[in-house]
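**Q** Take this structure first; my questions come after.
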Amino acid sequence: MSTYLEYLLNSPVQLLFIWGAVALLVILLFLRKPRMLVLAATEKGKLQISRHALHRLIEACCVQLKGVATARARVQRGSGKFQTTVRLKVRPDAKLDAIQGYLTQEIGEIYRQNLGIENVGAVQINVVGVVPENEGF
């Protein structure tokens with residue numbers, strides 16, 4: 001083992017590569033997004049929600065609309081505000097302007113009333129597909 005270590009320490013290119021890899025790993029660990037968002041903190045404890053749960057909460061709000069077939073939400077925090085992007089697959093009879101207005105209002109209310117977050121940013125609604133109506137018996 002010591003001969004291998006001596007070889008690594010004597011080769012400047014490999015030593016540079018090892019230090020570069022270690023530095024990159026440290027940088028990536030510091031830049032990763034936290035899994036949990038703190039909603040409230042007091043001296044008795046704190047209230048947190050996972051990013052996954054926040055995405056599913058917004059998606060559940062979207063799917064309950066009649067014209068929406070599926071939804072995917074993505075929440076990012078930038079410049080102190082929560083930026084929300086929702087990708088929807090809608091049904092052919094969907095009223096897109098009504099869906100957009102309703103979801104913008106509802107998502108804002110979810111942040112403010114349910115989660116206690118006041119710094120709500122833009123809510124972007126993207127329609128990415130149309131799903132055919134289910135034909136029953």
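Quick note on naming: the chains in the structure tokens go A, B, ... in the order shown, residues restart at 1 in each chain, and ligands are numbered from 1 in order of appearance.
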For Tyr102 of chain A, find every residue with an atom within 12 Å (counting only C-alpha atoms), except residues of its own chain fewer than 2 positions away, and show them as a ChimeraX atom specification.
**A** /A:61-62,64-68,95-100,104-109,123,125
**Q** Please write the residues from the selection above to a file, keeping N, CA and C atoms, as a short mmCIF file (atom, residue, chain, number, x, y, z; two decimals), in the first residue's frame.
**A**
data_model
loop_
_atom_site.label_atom_id
_atom_site.label_comp_id
_atom_site.auth_asym_id
_atom_site.auth_seq_id
_atom_site.Cartn_x
_atom_site.Cartn_y
_atom_site.Cartn_z
N CYS A 61 -53.76 19.65 -5.80
CA CYS A 61 -54.64 20.80 -6.03
C CYS A 61 -55.00 20.91 -7.51
N CYS A 62 -54.03 20.66 -8.37
CA CYS A 62 -54.26 20.79 -9.82
C CYS A 62 -55.15 19.68 -10.36
N GLN A 64 -57.49 18.01 -9.03
CA GLN A 64 -58.89 18.02 -8.64
C GLN A 64 -59.77 18.83 -9.60
N LEU A 65 -59.16 19.59 -10.50
CA LEU A 65 -59.93 20.33 -11.50
C LEU A 65 -60.44 19.39 -12.58
N LYS A 66 -61.61 19.67 -13.11
CA LYS A 66 -62.23 18.79 -14.08
C LYS A 66 -61.43 18.67 -15.38
N GLY A 67 -60.86 19.74 -15.87
CA GLY A 67 -60.17 19.71 -17.15
C GLY A 67 -58.72 19.25 -17.09
N VAL A 68 -58.19 19.00 -15.90
CA VAL A 68 -56.78 18.61 -15.76
C VAL A 68 -56.69 17.11 -15.58
N LYS A 95 -60.98 24.48 -20.14
CA LYS A 95 -60.97 25.93 -20.34
C LYS A 95 -59.66 26.44 -19.76
N LEU A 96 -58.68 26.67 -20.63
CA LEU A 96 -57.32 26.95 -20.18
C LEU A 96 -57.19 28.27 -19.42
N ASP A 97 -57.91 29.30 -19.85
CA ASP A 97 -57.80 30.58 -19.15
C ASP A 97 -58.39 30.48 -17.74
N ALA A 98 -59.48 29.75 -17.59
CA ALA A 98 -60.07 29.56 -16.26
C ALA A 98 -59.17 28.70 -15.37
N ILE A 99 -58.57 27.68 -15.95
CA ILE A 99 -57.65 26.81 -15.19
C ILE A 99 -56.44 27.61 -14.72
N GLN A 100 -55.89 28.43 -15.59
CA GLN A 100 -54.72 29.22 -15.23
C GLN A 100 -55.04 30.20 -14.10
N THR A 104 -53.46 29.71 -10.28
CA THR A 104 -52.60 30.78 -9.76
C THR A 104 -53.12 31.24 -8.40
N GLN A 105 -54.41 31.41 -8.29
CA GLN A 105 -55.01 31.84 -7.03
C GLN A 105 -54.89 30.74 -5.97
N GLU A 106 -55.21 29.50 -6.32
CA GLU A 106 -55.18 28.40 -5.36
C GLU A 106 -53.77 28.11 -4.85
N ILE A 107 -52.79 28.12 -5.73
CA ILE A 107 -51.42 27.85 -5.32
C ILE A 107 -50.93 28.95 -4.39
N GLY A 108 -51.29 30.19 -4.68
CA GLY A 108 -50.96 31.28 -3.78
C GLY A 108 -51.59 31.10 -2.41
N GLU A 109 -52.84 30.64 -2.37
CA GLU A 109 -53.51 30.39 -1.10
C GLU A 109 -52.90 29.22 -0.34
N VAL A 123 -46.25 32.08 -10.54
CA VAL A 123 -46.75 30.74 -10.78
C VAL A 123 -46.89 30.59 -12.28
N ILE A 125 -47.82 28.27 -15.46
CA ILE A 125 -48.60 27.10 -15.86
C ILE A 125 -48.22 26.76 -17.30
#
**Q** Show which residues sit within 9 Å of Val130 of chain A, as an MDAnalysis selection string. Count only C-alpha atoms, and ignore same-chain residues fewer than 6 positions away.
**A** chainID A and resid 69 88:92
**Q** Using only N, CA and C atoms, please write the residues we just selected to a file, as a PDB file, in the first residue's frame.
**A**
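Just written: result07.pdb:
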ATOM      1  N   ALA A  69     -55.881  16.446 -16.417  1.00  0.00           N
ATOM      2  CA  ALA A  69     -55.703  15.001 -16.319  1.00  0.00           C
ATOM      3  C   ALA A  69     -54.524  14.665 -15.398  1.00  0.00           C
ATOM      4  N   LEU A  88     -48.978  20.675 -17.010  1.00  0.00           N
ATOM      5  CA  LEU A  88     -50.281  20.020 -17.022  1.00  0.00           C
ATOM      6  C   LEU A  88     -50.514  19.259 -18.314  1.00  0.00           C
ATOM      7  N   LYS A  89     -51.207  18.141 -18.177  1.00  0.00           N
ATOM      8  CA  LYS A  89     -51.833  17.486 -19.320  1.00  0.00           C
ATOM      9  C   LYS A  89     -53.322  17.665 -19.099  1.00  0.00           C
ATOM     10  N   VAL A  90     -53.989  18.224 -20.100  1.00  0.00           N
ATOM     11  CA  VAL A  90     -55.394  18.580 -19.950  1.00  0.00           C
ATOM     12  C   VAL A  90     -56.266  17.713 -20.842  1.00  0.00           C
ATOM     13  N   ARG A  91     -57.548  17.773 -20.566  1.00  0.00           N
ATOM     14  CA  ARG A  91     -58.537  17.083 -21.396  1.00  0.00           C
ATOM     15  C   ARG A  91     -58.995  18.046 -22.493  1.00  0.00           C
ATOM     16  N   PRO A  92     -59.557  17.529 -23.592  1.00  0.00           N
ATOM     17  CA  PRO A  92     -59.931  18.391 -24.720  1.00  0.00           C
ATOM     18  C   PRO A  92     -60.943  19.482 -24.382  1.00  0.00           C
TER      19      PRO A  92
END
**Q** Neighbours of Leu47 of chain A within 9 Å (only C-alpha atoms; same-chain residues fewer than 6 positions away dropped), as number ranges by chain?
**A** A: 37-41
**Q** May I have all residues of chain A that DSSP, computed from the backbone, assigns to strand (DSSP E), given as a ChimeraX atom specification?
**A** /A:36-42,45-50,68-78,81-90,120-130
**Q** Based on the backbone DSSP call, show me all residues of segment 6-49 of chain A assigned helix (DSSP H, G or I), as a PyMOL selection string.
**A** chain A and resi 6-10+12-31
**Q** Could you name the residues that touch Met36 of chain A at 12 Å or less, counting only C-alpha atoms, but leaving out those on the same chain fewer than 6 positions away, as a PyMOL selection string?
**A** chain A and resi 46-54
**Q** Write out as a list in words each polymer residue whose atoms come within 7 Å of Val120 of chain A, counting only C-alpha atoms; drop sequence neighbours fewer than 2 positions from it.
**A** Lys81, Phe82, Gly108, Ile117, Glu118 and Ala122 of chain A
